[in-house]
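Structure record follows, encoded as structure tokens.
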Amino acid sequence: MTAILTNLFDGVAYGMLLFVLACGLAVTLGLMNFVNLAHGAFAMAGGYICMVLVNRMGWPFFAALPLAFVSAAAIGIALERTLYRHLYARSHLDQVLFTIGLTFMSVAAVDYIQGSSRVFIDLPAALQGQFDVFGVGIGRYRLMIIVICGLLTIGLQLVLAKTRFGSRLRAAVDDPRAASGLGINVPQVFAFTFAFGCGLAGLGGALSAEILGLDPYFPLKFMIYFLIVVTVGGSSSITGPFLASLLLGIGDVAGKYYVPKMGPFVIYTMMIVILIWRPNGLFGRTAAR
Amino acid sequence: MFVRKQLSWAAAVAAISGLAAVAPAKAQDAVKIGLILPMTGGQASTGKQIENAIKLYMQQKGDTVAGKKVEIILKDDAAIPDKTKTAAQELIVNDKVNFIAGFGVTPAALAAAPLATQAKIPEVVMAAGTSIITERSPYIVRTSFTLAQSSTIIGDWAVKNGIKKVATLTSDYAPGNDALNFFKQHFTAGGGEVVEEVKTPLANPDFAPFLQRMKDAKPDAIFVFVPAGQGGNFMKQYAERGLDKAGIKVIGPGDVTDDDLLNNMGDAVLGTVTAHLYSAAHPSQMNKDFVAAYKKAFGNRPGFMAVGGYDGIHLIYEALKKTGGDTNGDKLIEAMKGQKWESPRGPISIDPETRDIVQNIYIRKVEKVDGELYNVEFATFEAVKDLGKTKK
């Protein structure tokens with residue numbers, strides 16, 4: 001029984017991490033209809049920024065996390081203004097080719113600057129180890145991930161559903177022409193949304209270094225996971241990717257624990273079954289545009 | 001590169017002055033080594049270590065041997081066998097190299113094997129570690145190691161030192177399977193029991209669920225083989241899950257505690273016992289000088305890959321000395337067989353039968369020395385041959 005609960009806990013933490021990493025992609029892909037395969041590069045940027053701040057400059061971990069978010073968002077907004085916005089009207093193939101090129105450039109750049117060895121972020125002692133709750137092993141770091149990501153999800157949902165910005169964004173997505181006719185500054189809304197998505201990726205990258213490892217190949221290694229989350233979740237809301245991340249996280253951890261011989265196939269099998277059942281993802285809208 | 005340019009200028013000048021016949025004779029004075037290494041991609045640290053070690057050796061010993069200038073032509077294959085093959089072809093056909101060397105991973109070494117056979121030139125393997133490699137061409141010589149060497153030794157050692165129940169965690173690819181099989185053979189033959197066996201996918205380094213399974217199986221120790229780079233993740237999550245406190249030790253071939261990364265792993269790694277060919281803490285004077293020179297030149301510690309490269313270039317130098325500068329492939333291979341020398345890792349030799357390396361395997365324990373983590377050797381198995389060769 002305790003083994004099941006420990007695995008459940010690990011799975012939830014893993015799923016939450018996947019969600020923070022991937023939900024920025026869900027935003028750009030689903031809301032802005034832009035295929036940004038360079039998403040992982042922003043996550044990697046956040047991770048490396050956090051590492052440099054903590055390891056080399058002696059910042060506390062919790063102060064470095066917001067900065068990882070802000071700097072990844074800043075890089076995002078700079079690239080959006082200079083490069084990305086020219087591609088909004090282009091075909092998906094152009095977008096894929098462009099962003100995969102960016103990914104390779106980021107890999108080479110980080111490899112050149114930081115070297116190819118895997119790096120770790122020095123964690124405060126309070127985040128290391130596990131404690132027992134009625135025999136269930138609770139990892140401190142994983143608990144922190146659940147708390148941070150849980151709060152983020154609630155905040156995100158509130159912003160999208162309840163605020164003026166949320167309704168502007170939804171209007172801009174559904175019909176950009178009518179929205180700008182109503183006085184909404186569509187490019188600005190998109191730029192802000194894109195930057196926010198990149199910031200989330202940066203935060204996810206910083207949080208994931210401990211669990212997934214951080215090296216220059218991060219964007220390529222985990223691209224498939226981001227894409228699975230978004231495909232399975234459907235890309236029209238935040239709820240879809242959130243539930244998909246949890247489901248895949250728990251499934252992946254449980255699969256590796258109970259049937260280790262299946263290895264990574266559990267997550268792929270889940271994806272295929274769900275997509276056969278619901279081709280547009282769990283919460284997909286049919287033919288959004 | 002510079003030398004080549006000079007030579008082509010010399011050739012051009014000679015041709016213009018009607019002395020074209022002299023030019024080929026001049027070109028013969030260089031020995032060319034085509035070095036194929038992963039300089040980018042996940043295995044790049046292997047490539048960099050080997051390149052550094054070769055540079056260091058040539059700085060120390062000079063770049064002429066037996067009256068010939070040694071020229072290195074480096075190609076990056078990113079550890080992708082198709083690229084290795086193309087690079088080897090270009091080196092052999094266009095650059096007319098006398099050796100191909102390097103090879104970060106097993107598939108790369110195998111991809112080049114038929115080309116070495118065809119061109120009749122030596123292929124010096126400086127990193128890749130599965131047993132079969134030297135059997136794929138009579139022109140292959142290896143200066144790194146085989147996984148059978150260290151995995152069998154740690155299997156024998158563990159069972160004699162109070163470790164009876166072991167869970168294994170190995171990466172699911174050829175070297176991982178080699179490590180697992182050789183360990184299991186020797187460990188169970190001595191009366192040990194493998195209570196849990198998990199193969200982890202190469203691409204997913206979250207070890208949490210696997211480690212939880214290990215913890216629940218309550219073994220005396222975990223036998224681990226993961227490729228260089230993942231060792232740090234493994235050790236961190238091992239500590240996070242409290243396996244160290246549960247009294248479960250870590251044993252394995254030394255890849256998991258590579259000197260290259262050891263210092264970043266944190267104190268959880270203390271007490272890990274591994275069997276391996278090289279430690280930066282090896283107490284010989286030669287190694288102390290080697291580590292000091294390497295640190296001075298490149299700013300970090302050499303790992304076992306660097307030693308594979310250092311010995312590889314040494315073997316090439318010695319072979320050339322023995323043939324008096326003759327670059328005939330068959331003569332060079334003959335000259336390499338049975339070579340014996342003192343390496344930073346200790347005494348080593350090339351087995352004349354298999355062309356594979358014979359070396360000491362050391363049992364080491366991770367300890368803190370002057371505030372840094374080191375693999376400190378405490379037992380030696382001398383002149384270990386590769387046990388993984390197919391029986392004939």
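Residue numbering restarts at 1 in every chain; chains get A, B, ... in the order shown in the structure tokens, and ligands count up from 1 in that same order.
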
Could you give me the residues within segment 12-112 of chain B that DSSP places in helix (DSSP H, G or I), as an MDAnalysis selection string? chainID B and resid 12:16 22:27 44:61 81:93 106:112

Select all residues from chain A having any atom no more than 9 Å from an atom of chain B (counting only C-alpha atoms, ignoring ligands), output as number ranges by chain. A: 3, 6-7, 10-11, 108, 111, 115-120, 128-130, 137-141, 210-213, 215-217, 221-222, 252-258, 260-261, 263-264

Please report, as CSV, each residue of segment 30-103 of chain B lying at most 9 Å from segment 297-309 of chain B, together with the nearest pair of atoms and the separation in Å rounded to one decimal; use only C-alpha atoms, and order rows by chain and ascending residue number.
```
residue,atom,partner,partner_atom,distance
B:Ser45,CA,B:Met305,CA,8.9
B:Thr46,CA,B:Met305,CA,6.0
B:Gly47,CA,B:Met305,CA,8.3
B:Lys48,CA,B:Ala306,CA,8.3
B:Gln49,CA,B:Ala306,CA,4.7
B:Ile50,CA,B:Gly309,CA,4.6
B:Glu51,CA,B:Gly309,CA,7.3
B:Asn52,CA,B:Ala306,CA,7.2
B:Ala53,CA,B:Ala306,CA,5.3
B:Ile54,CA,B:Gly309,CA,6.1
B:Leu56,CA,B:Ala297,CA,7.7
B:Gly102,CA,B:Gly309,CA,7.3
```

Closest to Lys68 of chain B among B:Lys120, B:Arg136, B:Lys165, B:Lys32, using only C-alpha atoms?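 Among B:Lys120, B:Arg136, B:Lys165, B:Lys32, it is B:Lys32 that comes nearest to Lys68 of chain B.
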
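In this model, the gap between atom CA of Gly325 of chain B and atom CA of Ala127 of chain B comes to 25.7 Å.
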
For Gln188 of chain A, which of A:Ala26, A:Met57, A:Cys50, A:Ala172 is the closest residue, counting only C-alpha atoms?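 Answer, going by the shortest atom-to-atom distance: A:Ala172.
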
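Those residues in segment 49-173 of chain A carrying a DSSP assignment of strand (DSSP E or B), computed from the backbone, are A:Val119, A:Gln130, A:Phe131, A:Asp132, A:Val133, A:Val136, A:Gly137, A:Ile138, A:Gly139.
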
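Residues lying within 8 Å of Ser349 of chain B, counting only C-alpha atoms and ignoring same-chain neighbours fewer than 6 positions away, are Gly338, Gln339, Lys340, Trp341, Ile357, Val358 and Gln359 of chain B.
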
Save out the residues we just selected, N, CA and C atoms, as a CSV table (one decimal), in the first residue's frame.
```csv
chain,number,residue,atom,x,y,z
B,338,GLY,N,51.9,-7.2,-28.5
B,338,GLY,CA,52.8,-7.5,-27.4
B,338,GLY,C,53.5,-6.3,-26.8
B,339,GLN,N,53.2,-5.1,-27.3
B,339,GLN,CA,53.9,-3.9,-26.6
B,339,GLN,C,53.5,-3.9,-25.2
B,340,LYS,N,54.5,-3.5,-24.4
B,340,LYS,CA,54.3,-3.4,-22.9
B,340,LYS,C,54.8,-2.0,-22.5
B,341,TRP,N,54.1,-1.3,-21.7
B,341,TRP,CA,54.6,0.0,-21.2
B,341,TRP,C,53.9,0.4,-19.9
B,357,ILE,N,43.6,-4.8,-24.9
B,357,ILE,CA,44.5,-4.3,-23.8
B,357,ILE,C,44.5,-5.3,-22.6
B,358,VAL,N,45.6,-5.5,-22.0
B,358,VAL,CA,45.8,-6.2,-20.8
B,358,VAL,C,46.2,-5.2,-19.7
B,359,GLN,N,45.4,-5.1,-18.6
B,359,GLN,CA,45.7,-4.1,-17.6
B,359,GLN,C,45.3,-4.5,-16.2
```

Applying 12 Å and only C-alpha atoms, which residues near Asn161 of chain B remain after dropping the ones on its own chain fewer than 5 positions away? List them as a PyMOL selection string. chain B and resi 154-156+187+190-192+220-221+251+273+363

Go through B:Leu180, B:Val269, B:Ile153, B:Met235 one by one, measure the shortest atom-to-atom distance of each to Asn360 of chain B using only C-alpha atoms, and give the residue with the smallest value. B:Ile153

Compile the contact shell of Glu196 of chain B as number ranges by chain: residues with an atom at most 9 Å away, counting only C-alpha atoms, same-chain residues fewer than 5 positions apart removed. B: 166-169, 213-214, 217, 219

With N, CA, C and O atoms retained, could you export that selection as a PDB file, in the first residue's frame?
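Result file again00.pdb:
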```pdb
ATOM      1  N   VAL B 166      22.070  -8.726  -4.593  1.00  0.00           N
ATOM      2  CA  VAL B 166      22.302  -7.522  -5.363  1.00  0.00           C
ATOM      3  C   VAL B 166      21.132  -7.250  -6.302  1.00  0.00           C
ATOM      4  O   VAL B 166      20.553  -8.178  -6.870  1.00  0.00           O
ATOM      5  N   ALA B 167      20.771  -5.987  -6.410  1.00  0.00           N
ATOM      6  CA  ALA B 167      19.829  -5.570  -7.447  1.00  0.00           C
ATOM      7  C   ALA B 167      20.654  -4.875  -8.525  1.00  0.00           C
ATOM      8  O   ALA B 167      21.620  -4.186  -8.218  1.00  0.00           O
ATOM      9  N   THR B 168      20.303  -5.071  -9.791  1.00  0.00           N
ATOM     10  CA  THR B 168      21.104  -4.452 -10.847  1.00  0.00           C
ATOM     11  C   THR B 168      20.304  -3.378 -11.561  1.00  0.00           C
ATOM     12  O   THR B 168      19.104  -3.526 -11.777  1.00  0.00           O
ATOM     13  N   LEU B 169      20.990  -2.307 -11.907  1.00  0.00           N
ATOM     14  CA  LEU B 169      20.380  -1.232 -12.691  1.00  0.00           C
ATOM     15  C   LEU B 169      21.363  -0.879 -13.797  1.00  0.00           C
ATOM     16  O   LEU B 169      22.450  -0.356 -13.534  1.00  0.00           O
ATOM     17  N   ARG B 213      11.941   0.774  -6.682  1.00  0.00           N
ATOM     18  CA  ARG B 213      11.870  -0.672  -6.821  1.00  0.00           C
ATOM     19  C   ARG B 213      13.076  -1.339  -6.157  1.00  0.00           C
ATOM     20  O   ARG B 213      12.955  -2.350  -5.470  1.00  0.00           O
ATOM     21  N   MET B 214      14.237  -0.733  -6.357  1.00  0.00           N
ATOM     22  CA  MET B 214      15.455  -1.257  -5.732  1.00  0.00           C
ATOM     23  C   MET B 214      15.318  -1.219  -4.209  1.00  0.00           C
ATOM     24  O   MET B 214      15.666  -2.158  -3.516  1.00  0.00           O
ATOM     25  N   ALA B 217      13.182  -3.870  -2.827  1.00  0.00           N
ATOM     26  CA  ALA B 217      13.737  -5.224  -2.938  1.00  0.00           C
ATOM     27  C   ALA B 217      14.749  -5.502  -1.824  1.00  0.00           C
ATOM     28  O   ALA B 217      15.158  -6.644  -1.634  1.00  0.00           O
ATOM     29  N   PRO B 219      18.112  -5.070  -1.247  1.00  0.00           N
ATOM     30  CA  PRO B 219      19.353  -5.820  -1.508  1.00  0.00           C
ATOM     31  C   PRO B 219      20.478  -5.298  -0.608  1.00  0.00           C
ATOM     32  O   PRO B 219      20.295  -4.298   0.081  1.00  0.00           O
TER      33      PRO B 219
END
```
